[in-house]
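Chemist: Take a look at the following structure, please.
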Amino acid sequence: MNRTLAALLVVLLAATTQTFAQSNPFDMSGERPATEPPVDMPKQEEGGGQPASQPDAGADTLGGGERDDFRRYIVPFDALSLSGEVDERTWSMYLTPAQAQSPATLNFGYQNAIVIAPEVSSLSVFVNGELVGEGPIKASDTPEQRSYELRAGLLRPGSNDIRFRVQQRHRTDCTIESTYELWTEIAPDTAFISFADAESAVFASVDDIRAVGVDGKGRTRFNLVVPGMAQPSRAADMMRLAQGLALRGHMPAQRVILSQGLPALGKPGELTVVAGTVDEVSPLLAALPDGAAGGSVAAFVRDDKTNAPVLVLSGPDWPAVRAAIEAVAEPMDRPSDVPRDVINTERWLLPETPVVAGNTRLRFSELGVATSEFTGRRFRSKFSVAVPSDFYADAYGEATILLDAAYTETVLPGSRIDIYVNGNIASTVPFDSATGGILRHLPINVTMRHFRPGPNLIELEAVLLTEQDKVCAPGAPASTDSRFALFDTSELHMPNFARIGLRPNLAALSGAAAPYRNSAGTIPLFIDRSDADTLSAAATFLARLAVAGGRPIAVEMIASPLAAGTRNALFVGTLPELPKTVLTQVGIDPGRQMSWGSAQTTGRSEDTQKAIDEWQTRLSGGAWRTQITALQNWVKQEFDISLSSLRILPQEQAEFAPPETATLLIAQGANPTDDATWTLVAAPTAKLLNDGVSAVSDIHQWQRIAGHISTYEPASSAINVVPVTNFEFVETRPASIGNYRLIIANWLSSNILFYAVALVALSVLLGLATSSMLSRLGRRP
């Protein structure tokens, strides 16, 4: 009897276990309760890593307190959101040899949209291409913490690839629109690698500067402590040091702060550098590196209280300090006349971005796009390519995607493939077969109108309609059959395009540091005063230029715009202190020189009446103005023709008055002799200048700088662009008929009225010539 009862209990237990082991169907029930048991972490044979204990949410993430480990934040963004049905982000982080050898654990917290079905959605983490952890997405109510031990030998000295990937399905809806409701957010301040060996925090050599990393908001900060920074003769050396540090760190949001005293040490994502003679830095440090009193030294010392590394650049005199600065900056030097094959974006986007300078074909496999099979409704893949700073094909040029893909008979006509360039729709191709098909090098023309100098993000989106999704039966399981496949044998073909520089062109400045990157000599740099905020702003701006250009930019400090001569120059300072000559040349209204920022200081707006008058003028005759605007919009949408393209003569650039909502402006124009480029970086006060430059140095903001003038508004974090209405060409390549033909083609495409007039004139001349020839032959037309 007892044996029979025991056998019955074993059978019932096995059946129950088998029932819970089955995957849950794709149902339309509500979200699971917050008291659901925590998800089981994948085992080593399944996920490539050992699950670790959950991190304490209240623990000190800086490695302080009673903790013996050392932590490195891993997300180089202020926010990381993975959206849609499939999405992933890949970047790299640099580790020192000590960090690579230490036992380590990867930790992060996440939260997702409530509409995500956890039973068919997953979040995966890869390190150096190896899956270290995977689990269902089920943190809609409260954030969930996950932790994965990294096996010995997985991390390596130098760059390590980090990839987060999601597969998400909607709980109740099967429409294309519902896929936009799917998101999973990784909290940057909870995502870090914890190293068991506390000695991992120590930097041993100058090369370890690359491991500075980021803080919990994805930012990096270099604290330059220079006791003698008030001496004007040292400013150029400080600018070079800032660029050398930025190129070594190469993080997406870097800030340089100059001061004369030590800041608080031991903060994540920060590196403190002390530069000065032995007599100047001795009061700041408990001990100096060996040999500092007798010669040039560039070495790390450890702070006794925080265990934080401090880089010391010192020597008996300033020439010795300058030699120590060169130990940091000189290895980053690159020839100015050698074009780049790739742009280093690995710290925020992998793979690195190739530079396309002409007729080139790139396979998707080279661009980091792998073969993928997709079972959902909206597939999305992306890659990045860069064009040179003298790219000039935004009015006529077309790239071609040679698509290798397949779709099944379940995909209905009306489905399509959309191509986006930098977030703008560039091409659409419908699926017109009702029986499916395999696409072999299907040509998709992509307008290059939205390309800009520097990196460009190209996204391919397949919108798939099926009868199954139209029905969307409640309780039906999610489909596991692939509907669409993208093959990595697809190619991007970039044709030859016009190559010539434009002045002004802030897009070339932000994308490739043009024209300063290609200058073989020194760049004149004007700074209105040598206070900490202004010097920090100049150092941060030059650091970002160096990263954009891939090399340090040698600068020469000047005290007057006249000293710039015929060279490309930079001007940094507060607007009231800058020479009026500079404001005039870059198109800034001199009348705003003293009044800009007064409303922020006093709390009163002096432009209220002016704004009221402008609104009255705008609203007068509103009916006919509305009709004209509607007509202009219709012509623009249907024929891609705007009023600017109907002008024969270029429009004069009006003087720009900075709005009170803006705290920083970047403007560009020609010098007084029209043979060089001047760039101005200005703000109402030195504090706003420092904060504004720091904000726009974030790579996501930096890539929005374009046009003739760009302004930054801190209230909305917006970059507003004043487009170029009048520019001049700047030769960047040896003269050639082929390049001139492409330049003329693009210019005529931008000035269609001139093209039409020229075409009519040539037609009339042809008719007259034909009539004259026939008359001479004795024939009358």
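As shown in the structure tokens, the chain order sets the letters A, B, ...; within each chain, residues go from 1, and ligands are also counted from 1 in the order they appear.
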What's the 12 Å shell around Val202 in chain A, counting only C-alpha atoms, without same-chain residues fewer than 6 positions away, as a PyMOL selection string?
Modeler: chain A and resi 70+95-99+208-209+211-212+266+271+299-304+306-311
Chemist: Each residue of range 671-705 of chain A with at least one atom at most 12 Å from range 574-591 of chain A should appear once, together with its nearest atom pair and the corresponding distance in Å (one decimal); atoms considered: only C-alpha atoms; ordering: chain, then increasing residue number; output as CSV.
Modeler:
```
residue,atom,partner,partner_atom,distance
A:Asn671,CA,A:Gln585,CA,6.2
A:Pro672,CA,A:Gln585,CA,6.7
A:Thr673,CA,A:Gln585,CA,10.1
A:Asp674,CA,A:Gln585,CA,9.6
A:Ala676,CA,A:Gln585,CA,11.1
A:Thr677,CA,A:Val586,CA,9.3
A:Trp678,CA,A:Val586,CA,7.2
A:Thr679,CA,A:Val586,CA,7.4
A:Leu680,CA,A:Val586,CA,7.3
A:Val681,CA,A:Thr574,CA,8.4
A:Ala682,CA,A:Thr574,CA,5.2
A:Ala683,CA,A:Thr574,CA,5.0
A:Pro684,CA,A:Thr574,CA,5.4
A:Thr685,CA,A:Thr574,CA,5.4
A:Ala686,CA,A:Thr574,CA,6.0
A:Lys687,CA,A:Thr574,CA,9.3
A:Leu688,CA,A:Thr574,CA,8.9
A:Leu689,CA,A:Thr574,CA,7.1
A:Asn690,CA,A:Thr574,CA,10.2
A:Gly692,CA,A:Thr574,CA,11.7
```
Chemist: The selected residues should be written to file as a PDB file, in the first residue's frame (atoms: N, CA, C and O atoms).
Modeler:
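That gives us again.pdb:
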```
ATOM      1  N   ASN A 671      37.357  84.801 -42.664  1.00  0.00           N
ATOM      2  CA  ASN A 671      38.132  85.895 -42.093  1.00  0.00           C
ATOM      3  C   ASN A 671      37.984  87.139 -42.964  1.00  0.00           C
ATOM      4  O   ASN A 671      37.382  87.087 -44.046  1.00  0.00           O
ATOM      5  N   PRO A 672      38.486  88.289 -42.550  1.00  0.00           N
ATOM      6  CA  PRO A 672      38.275  89.522 -43.327  1.00  0.00           C
ATOM      7  C   PRO A 672      38.799  89.456 -44.758  1.00  0.00           C
ATOM      8  O   PRO A 672      38.289  90.153 -45.632  1.00  0.00           O
ATOM      9  N   THR A 673      39.811  88.620 -45.030  1.00  0.00           N
ATOM     10  CA  THR A 673      40.354  88.526 -46.389  1.00  0.00           C
ATOM     11  C   THR A 673      39.769  87.359 -47.180  1.00  0.00           C
ATOM     12  O   THR A 673      40.220  87.080 -48.298  1.00  0.00           O
ATOM     13  N   ASP A 674      38.766  86.682 -46.628  1.00  0.00           N
ATOM     14  CA  ASP A 674      38.055  85.589 -47.307  1.00  0.00           C
ATOM     15  C   ASP A 674      38.979  84.469 -47.777  1.00  0.00           C
ATOM     16  O   ASP A 674      38.707  83.812 -48.793  1.00  0.00           O
ATOM     17  N   ALA A 676      40.366  82.198 -45.204  1.00  0.00           N
ATOM     18  CA  ALA A 676      40.502  81.285 -44.075  1.00  0.00           C
ATOM     19  C   ALA A 676      39.171  81.236 -43.326  1.00  0.00           C
ATOM     20  O   ALA A 676      38.278  82.053 -43.557  1.00  0.00           O
ATOM     21  N   THR A 677      39.066  80.281 -42.424  1.00  0.00           N
ATOM     22  CA  THR A 677      37.826  80.060 -41.675  1.00  0.00           C
ATOM     23  C   THR A 677      38.022  80.452 -40.218  1.00  0.00           C
ATOM     24  O   THR A 677      39.014  80.062 -39.594  1.00  0.00           O
ATOM     25  N   TRP A 678      37.069  81.210 -39.701  1.00  0.00           N
ATOM     26  CA  TRP A 678      37.042  81.547 -38.287  1.00  0.00           C
ATOM     27  C   TRP A 678      35.844  80.853 -37.637  1.00  0.00           C
ATOM     28  O   TRP A 678      34.725  80.885 -38.172  1.00  0.00           O
ATOM     29  N   THR A 679      36.083  80.248 -36.488  1.00  0.00           N
ATOM     30  CA  THR A 679      35.016  79.606 -35.715  1.00  0.00           C
ATOM     31  C   THR A 679      34.968  80.237 -34.329  1.00  0.00           C
ATOM     32  O   THR A 679      35.999  80.363 -33.661  1.00  0.00           O
ATOM     33  N   LEU A 680      33.767  80.610 -33.926  1.00  0.00           N
ATOM     34  CA  LEU A 680      33.550  81.271 -32.636  1.00  0.00           C
ATOM     35  C   LEU A 680      32.750  80.376 -31.711  1.00  0.00           C
ATOM     36  O   LEU A 680      31.743  79.784 -32.117  1.00  0.00           O
ATOM     37  N   VAL A 681      33.208  80.259 -30.470  1.00  0.00           N
ATOM     38  CA  VAL A 681      32.470  79.563 -29.402  1.00  0.00           C
ATOM     39  C   VAL A 681      32.281  80.581 -28.289  1.00  0.00           C
ATOM     40  O   VAL A 681      33.259  81.043 -27.679  1.00  0.00           O
ATOM     41  N   ALA A 682      31.012  80.950 -28.007  1.00  0.00           N
ATOM     42  CA  ALA A 682      30.769  82.056 -27.080  1.00  0.00           C
ATOM     43  C   ALA A 682      29.542  81.789 -26.221  1.00  0.00           C
ATOM     44  O   ALA A 682      28.661  80.998 -26.577  1.00  0.00           O
ATOM     45  N   ALA A 683      29.488  82.487 -25.099  1.00  0.00           N
ATOM     46  CA  ALA A 683      28.367  82.420 -24.168  1.00  0.00           C
ATOM     47  C   ALA A 683      28.287  83.761 -23.432  1.00  0.00           C
ATOM     48  O   ALA A 683      29.223  84.573 -23.491  1.00  0.00           O
ATOM     49  N   PRO A 684      27.185  84.025 -22.722  1.00  0.00           N
ATOM     50  CA  PRO A 684      27.080  85.291 -21.991  1.00  0.00           C
ATOM     51  C   PRO A 684      28.090  85.426 -20.857  1.00  0.00           C
ATOM     52  O   PRO A 684      28.601  86.512 -20.601  1.00  0.00           O
ATOM     53  N   THR A 685      28.389  84.307 -20.159  1.00  0.00           N
ATOM     54  CA  THR A 685      29.329  84.348 -19.038  1.00  0.00           C
ATOM     55  C   THR A 685      30.279  83.162 -19.148  1.00  0.00           C
ATOM     56  O   THR A 685      30.023  82.191 -19.860  1.00  0.00           O
ATOM     57  N   ALA A 686      31.377  83.251 -18.403  1.00  0.00           N
ATOM     58  CA  ALA A 686      32.361  82.170 -18.433  1.00  0.00           C
ATOM     59  C   ALA A 686      31.791  80.872 -17.874  1.00  0.00           C
ATOM     60  O   ALA A 686      32.089  79.773 -18.370  1.00  0.00           O
ATOM     61  N   LYS A 687      30.956  80.966 -16.838  1.00  0.00           N
ATOM     62  CA  LYS A 687      30.346  79.757 -16.257  1.00  0.00           C
ATOM     63  C   LYS A 687      29.410  79.083 -17.267  1.00  0.00           C
ATOM     64  O   LYS A 687      29.439  77.856 -17.441  1.00  0.00           O
ATOM     65  N   LEU A 688      28.578  79.874 -17.950  1.00  0.00           N
ATOM     66  CA  LEU A 688      27.698  79.308 -18.967  1.00  0.00           C
ATOM     67  C   LEU A 688      28.498  78.753 -20.136  1.00  0.00           C
ATOM     68  O   LEU A 688      28.096  77.752 -20.751  1.00  0.00           O
ATOM     69  N   LEU A 689      29.620  79.384 -20.444  1.00  0.00           N
ATOM     70  CA  LEU A 689      30.477  78.888 -21.511  1.00  0.00           C
ATOM     71  C   LEU A 689      31.005  77.500 -21.168  1.00  0.00           C
ATOM     72  O   LEU A 689      30.952  76.579 -21.997  1.00  0.00           O
ATOM     73  N   ASN A 690      31.493  77.331 -19.975  1.00  0.00           N
ATOM     74  CA  ASN A 690      32.037  76.043 -19.551  1.00  0.00           C
ATOM     75  C   ASN A 690      30.951  74.963 -19.539  1.00  0.00           C
ATOM     76  O   ASN A 690      31.134  73.861 -20.060  1.00  0.00           O
ATOM     77  N   GLY A 692      28.046  75.005 -21.136  1.00  0.00           N
ATOM     78  CA  GLY A 692      27.499  74.781 -22.468  1.00  0.00           C
ATOM     79  C   GLY A 692      28.399  73.920 -23.327  1.00  0.00           C
ATOM     80  O   GLY A 692      27.933  72.993 -24.006  1.00  0.00           O
TER      81      GLY A 692
END
```
Chemist: Range 212-447 of chain A: which residues are strand (DSSP E) by DSSP, as a PyMOL selection string?
Modeler: chain A and resi 220-225+254-259+270-277+297-302+309-315+342-343+353-354+360-363+372-374+378-387+398-407+416-421+424-430+437-447
Chemist: Hey, what's within 8 Å of range 726-736 of chain A if we count only C-alpha atoms and toss same-chain stuff fewer than 6 positions away? As a list in words, please?
Modeler: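 After dropping sequence-adjacent residues, the list is Asp390, Arg499, Ile500, Gly501, Leu502, Arg503, Pro504, Pro650, Gln651, Glu652 and Gln653 of chain A.
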Chemist: Hey, can you check how far CA of Pro289 in chain A sits from CA of Ser314 in chain A?
Modeler: 8.7 Å
Chemist: Please identify which residues in range 422-565 of chain A DSSP calls alpha helix (DSSP H) from the backbone, and express them as number ranges by chain.
Modeler: A: 467-471, 506-512, 532-549
Chemist: Could you give me, as a count of residues only, the residues within 10 Å of Arg567 in chain A, counting only C-alpha atoms and dropping anything in the same chain fewer than 3 positions from it?
Modeler: 14
Chemist: Using only C-alpha atoms, find each residue in range 317-396 of chain A having at least one atom no more than 12 Å away from range 238-250 of chain A; report its shortest atom-to-atom pair and that distance in Å (one decimal), rows by chain then rising number, as CSV.
Modeler:
```
residue,atom,partner,partner_atom,distance
A:Trp318,CA,A:Met238,CA,12.0
A:Val321,CA,A:Met238,CA,10.8
A:Arg322,CA,A:Leu241,CA,9.2
A:Ala323,CA,A:Leu241,CA,10.9
A:Ala324,CA,A:Leu241,CA,9.6
A:Ile325,CA,A:Leu241,CA,5.9
A:Glu326,CA,A:Leu241,CA,7.8
A:Ala327,CA,A:Gly244,CA,9.2
A:Val328,CA,A:Gly244,CA,5.9
A:Ala329,CA,A:Gly244,CA,4.1
A:Glu330,CA,A:Gly244,CA,7.5
A:Pro331,CA,A:Gly244,CA,8.3
A:Met332,CA,A:Gly244,CA,6.4
A:Asp333,CA,A:Gly244,CA,8.7
A:Arg334,CA,A:Leu247,CA,11.4
A:Ile343,CA,A:His250,CA,11.4
A:Asn344,CA,A:His250,CA,8.4
A:Thr345,CA,A:His250,CA,8.4
A:Glu346,CA,A:His250,CA,8.9
A:Arg347,CA,A:His250,CA,6.9
A:Trp348,CA,A:His250,CA,9.4
A:Leu349,CA,A:His250,CA,11.9
```
Chemist: Between A:Ser595, A:Thr480, A:Ser415, A:Asn160, single out the one closest to Pro430 in chain A, counting only C-alpha atoms.
Modeler: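 Using only C-alpha atoms, Pro430 in chain A sits closest to A:Ser415.
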Chemist: Could you build a table of the residues in range 110-150 of chain A lying no more than 9 Å from range 168-186 of chain A, giving for each the nearest pair of atoms and their separation in Å rounded to one decimal place, using only C-alpha atoms, ordered by chain and ascending residue number, as JSON lines?
Modeler:
```
{"residue": "A:Tyr110", "atom": "CA", "partner": "A:Ile186", "partner_atom": "CA", "distance": 4.5}
{"residue": "A:Gln111", "atom": "CA", "partner": "A:Glu185", "partner_atom": "CA", "distance": 5.5}
{"residue": "A:Asn112", "atom": "CA", "partner": "A:Thr184", "partner_atom": "CA", "distance": 4.2}
{"residue": "A:Ala113", "atom": "CA", "partner": "A:Trp183", "partner_atom": "CA", "distance": 5.6}
{"residue": "A:Ile114", "atom": "CA", "partner": "A:Arg171", "partner_atom": "CA", "distance": 8.5}
{"residue": "A:Val115", "atom": "CA", "partner": "A:Arg171", "partner_atom": "CA", "distance": 5.3}
{"residue": "A:Ile116", "atom": "CA", "partner": "A:His170", "partner_atom": "CA", "distance": 4.9}
{"residue": "A:Ala117", "atom": "CA", "partner": "A:Arg171", "partner_atom": "CA", "distance": 4.5}
{"residue": "A:Pro118", "atom": "CA", "partner": "A:Arg169", "partner_atom": "CA", "distance": 8.1}
{"residue": "A:Val120", "atom": "CA", "partner": "A:Arg169", "partner_atom": "CA", "distance": 6.5}
{"residue": "A:Ser121", "atom": "CA", "partner": "A:Gln168", "partner_atom": "CA", "distance": 4.5}
{"residue": "A:Ser122", "atom": "CA", "partner": "A:Gln168", "partner_atom": "CA", "distance": 6.6}
{"residue": "A:Leu123", "atom": "CA", "partner": "A:Gln168", "partner_atom": "CA", "distance": 8.5}
{"residue": "A:Ile137", "atom": "CA", "partner": "A:Gln168", "partner_atom": "CA", "distance": 8.0}
{"residue": "A:Ala139", "atom": "CA", "partner": "A:Thr184", "partner_atom": "CA", "distance": 8.9}
```
Chemist: For the residues in that selection, give me N, CA, C and O atoms as a short mmCIF file (atom, residue, chain, number, x, y, z; two decimals), in the first residue's frame.
Modeler:
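So again.cif came out as:
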```cif
data_model
loop_
_atom_site.label_atom_id
_atom_site.label_comp_id
_atom_site.auth_asym_id
_atom_site.auth_seq_id
_atom_site.Cartn_x
_atom_site.Cartn_y
_atom_site.Cartn_z
N TYR A 110 17.40 46.68 -14.90
CA TYR A 110 16.61 47.04 -16.07
C TYR A 110 15.13 47.12 -15.70
O TYR A 110 14.69 46.59 -14.68
N GLN A 111 14.38 47.78 -16.57
CA GLN A 111 12.92 47.82 -16.46
C GLN A 111 12.36 47.88 -17.86
O GLN A 111 13.00 48.38 -18.79
N ASN A 112 11.15 47.34 -18.03
CA ASN A 112 10.58 47.23 -19.37
C ASN A 112 9.14 47.70 -19.41
O ASN A 112 8.50 47.91 -18.36
N ALA A 113 8.63 47.87 -20.63
CA ALA A 113 7.23 48.26 -20.82
C ALA A 113 6.30 47.16 -20.32
O ALA A 113 6.59 45.97 -20.44
N ILE A 114 5.14 47.57 -19.79
CA ILE A 114 4.20 46.61 -19.22
C ILE A 114 3.58 45.73 -20.29
O ILE A 114 3.09 44.63 -20.01
N VAL A 115 3.62 46.17 -21.55
CA VAL A 115 2.97 45.41 -22.63
C VAL A 115 3.84 44.27 -23.14
O VAL A 115 3.40 43.50 -24.00
N ILE A 116 5.04 44.12 -22.64
CA ILE A 116 5.92 43.04 -23.11
C ILE A 116 5.50 41.72 -22.48
O ILE A 116 5.30 41.63 -21.26
N ALA A 117 5.38 40.69 -23.31
CA ALA A 117 5.05 39.35 -22.83
C ALA A 117 6.32 38.65 -22.38
O ALA A 117 7.18 38.33 -23.22
N PRO A 118 6.51 38.38 -21.09
CA PRO A 118 7.79 37.83 -20.61
C PRO A 118 8.06 36.42 -21.09
O PRO A 118 9.21 36.03 -21.22
N VAL A 120 7.80 35.11 -23.95
CA VAL A 120 8.39 35.01 -25.29
C VAL A 120 9.36 36.16 -25.55
O VAL A 120 9.68 36.44 -26.70
N SER A 121 9.81 36.84 -24.52
CA SER A 121 10.75 37.96 -24.66
C SER A 121 11.98 37.67 -23.81
O SER A 121 11.87 37.11 -22.72
N SER A 122 13.15 38.09 -24.30
CA SER A 122 14.39 37.78 -23.59
C SER A 122 15.38 38.91 -23.72
O SER A 122 15.37 39.67 -24.69
N LEU A 123 16.24 39.00 -22.73
CA LEU A 123 17.33 39.97 -22.68
C LEU A 123 18.64 39.19 -22.54
O LEU A 123 18.79 38.40 -21.60
N ILE A 137 12.31 38.89 -20.06
CA ILE A 137 12.12 40.31 -19.72
C ILE A 137 10.84 40.41 -18.91
O ILE A 137 9.74 40.25 -19.44
N ALA A 139 10.31 42.84 -15.88
CA ALA A 139 10.47 43.84 -14.82
C ALA A 139 9.63 45.06 -15.15
O ALA A 139 10.13 46.18 -15.17
#
```
Chemist: Could you pull the residues within 10 Å of Thr489 in chain A, counting only C-alpha atoms, minus those fewer than 2 positions along the same chain, as a list of chain:residue names?
Modeler: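 My reading of the contact set: A:Leu362, A:Arg363, A:Phe364, A:Ser365, A:Glu366, A:Val369, A:Ala370, A:Thr371, A:Leu402, A:Leu403, A:Asp404, A:Ala405, A:Arg440, A:His441, A:Leu486, A:Phe487, A:Glu491.
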Chemist: Could those selected residues go to a file with N, CA and C atoms, as a tab-separated table (two decimals), in the first residue's frame?
Modeler:
```tsv
chain	number	residue	atom	x	y	z
A	362	LEU	N	30.74	47.83	-49.91
A	362	LEU	CA	30.98	47.24	-48.60
A	362	LEU	C	29.92	46.19	-48.32
A	363	ARG	N	30.35	44.98	-47.97
A	363	ARG	CA	29.42	43.93	-47.59
A	363	ARG	C	28.87	44.21	-46.20
A	364	PHE	N	27.62	43.79	-45.97
A	364	PHE	CA	27.02	43.99	-44.66
A	364	PHE	C	27.84	43.30	-43.57
A	365	SER	N	28.47	42.18	-43.89
A	365	SER	CA	29.28	41.50	-42.89
A	365	SER	C	30.44	42.38	-42.44
A	366	GLU	N	30.97	43.24	-43.33
A	366	GLU	CA	32.04	44.16	-42.96
A	366	GLU	C	31.51	45.31	-42.11
A	369	VAL	N	26.72	43.77	-39.74
A	369	VAL	CA	25.36	43.26	-39.86
A	369	VAL	C	25.44	41.77	-40.15
A	370	ALA	N	24.92	40.94	-39.26
A	370	ALA	CA	24.97	39.49	-39.41
A	370	ALA	C	23.69	38.98	-40.07
A	371	THR	N	23.77	37.79	-40.64
A	371	THR	CA	22.58	37.14	-41.18
A	371	THR	C	21.56	36.91	-40.07
A	402	LEU	N	22.40	46.88	-52.22
A	402	LEU	CA	22.16	45.65	-52.99
A	402	LEU	C	21.73	44.59	-51.99
A	403	LEU	N	20.42	44.40	-51.89
A	403	LEU	CA	19.83	43.64	-50.78
A	403	LEU	C	19.72	42.17	-51.10
A	404	ASP	N	20.26	41.35	-50.21
A	404	ASP	CA	20.04	39.90	-50.22
A	404	ASP	C	19.12	39.58	-49.05
A	405	ALA	N	17.91	39.13	-49.37
A	405	ALA	CA	16.92	38.86	-48.32
A	405	ALA	C	15.93	37.83	-48.84
A	440	ARG	N	17.94	38.70	-54.53
A	440	ARG	CA	19.38	38.60	-54.73
A	440	ARG	C	19.90	39.91	-55.30
A	441	HIS	N	20.60	40.66	-54.45
A	441	HIS	CA	21.17	41.95	-54.82
A	441	HIS	C	20.11	42.88	-55.42
A	486	LEU	N	17.45	38.40	-43.51
A	486	LEU	CA	18.41	39.34	-44.08
A	486	LEU	C	19.76	38.66	-44.08
A	487	PHE	N	20.44	38.67	-45.23
A	487	PHE	CA	21.71	37.97	-45.36
A	487	PHE	C	22.87	38.96	-45.37
A	491	GLU	N	25.07	44.33	-49.81
A	491	GLU	CA	26.15	45.28	-49.97
A	491	GLU	C	25.63	46.71	-49.99
```
Chemist: Could you give me, as CSV, every range 346-377 of chain A residue with an atom at most 10 Å from range 453-459 of chain A, plus its closest atom pair and distance in Å to one decimal, counting only C-alpha atoms, rows ordered by chain then number?
Modeler:
```
residue,atom,partner,partner_atom,distance
A:Glu352,CA,A:Pro455,CA,9.8
A:Thr353,CA,A:Pro455,CA,6.7
A:Pro354,CA,A:Pro455,CA,8.4
A:Val355,CA,A:Pro455,CA,8.0
A:Val356,CA,A:Gly454,CA,9.9
```
Chemist: Just N, CA, C and O atoms for this one: save the residues we selected as a PDB file, in the first residue's frame.
Modeler:
```pdb
ATOM      1  N   GLU A 352      33.923  49.706 -35.789  1.00  0.00           N
ATOM      2  CA  GLU A 352      34.378  51.036 -36.142  1.00  0.00           C
ATOM      3  C   GLU A 352      33.807  51.443 -37.502  1.00  0.00           C
ATOM      4  O   GLU A 352      33.538  50.599 -38.359  1.00  0.00           O
ATOM      5  N   THR A 353      33.630  52.736 -37.680  1.00  0.00           N
ATOM      6  CA  THR A 353      32.942  53.245 -38.863  1.00  0.00           C
ATOM      7  C   THR A 353      33.912  53.427 -40.021  1.00  0.00           C
ATOM      8  O   THR A 353      34.859  54.215 -39.909  1.00  0.00           O
ATOM      9  N   PRO A 354      33.711  52.728 -41.150  1.00  0.00           N
ATOM     10  CA  PRO A 354      34.604  52.923 -42.297  1.00  0.00           C
ATOM     11  C   PRO A 354      34.331  54.252 -42.991  1.00  0.00           C
ATOM     12  O   PRO A 354      33.195  54.721 -43.041  1.00  0.00           O
ATOM     13  N   VAL A 355      35.371  54.854 -43.532  1.00  0.00           N
ATOM     14  CA  VAL A 355      35.257  56.107 -44.277  1.00  0.00           C
ATOM     15  C   VAL A 355      35.200  55.777 -45.767  1.00  0.00           C
ATOM     16  O   VAL A 355      36.084  55.102 -46.298  1.00  0.00           O
ATOM     17  N   VAL A 356      34.155  56.247 -46.431  1.00  0.00           N
ATOM     18  CA  VAL A 356      33.959  56.003 -47.858  1.00  0.00           C
ATOM     19  C   VAL A 356      34.263  57.300 -48.594  1.00  0.00           C
ATOM     20  O   VAL A 356      33.565  58.296 -48.405  1.00  0.00           O
TER      21      VAL A 356
END
```
Chemist: Out of A:Arg165, A:Leu224, A:Tyr740, A:Ala715, which residue has the shortest atom-to-atom distance to Val132 in chain A when counting only C-alpha atoms?
Modeler: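 Distance minimum relative to Val132 in chain A lands on A:Arg165.
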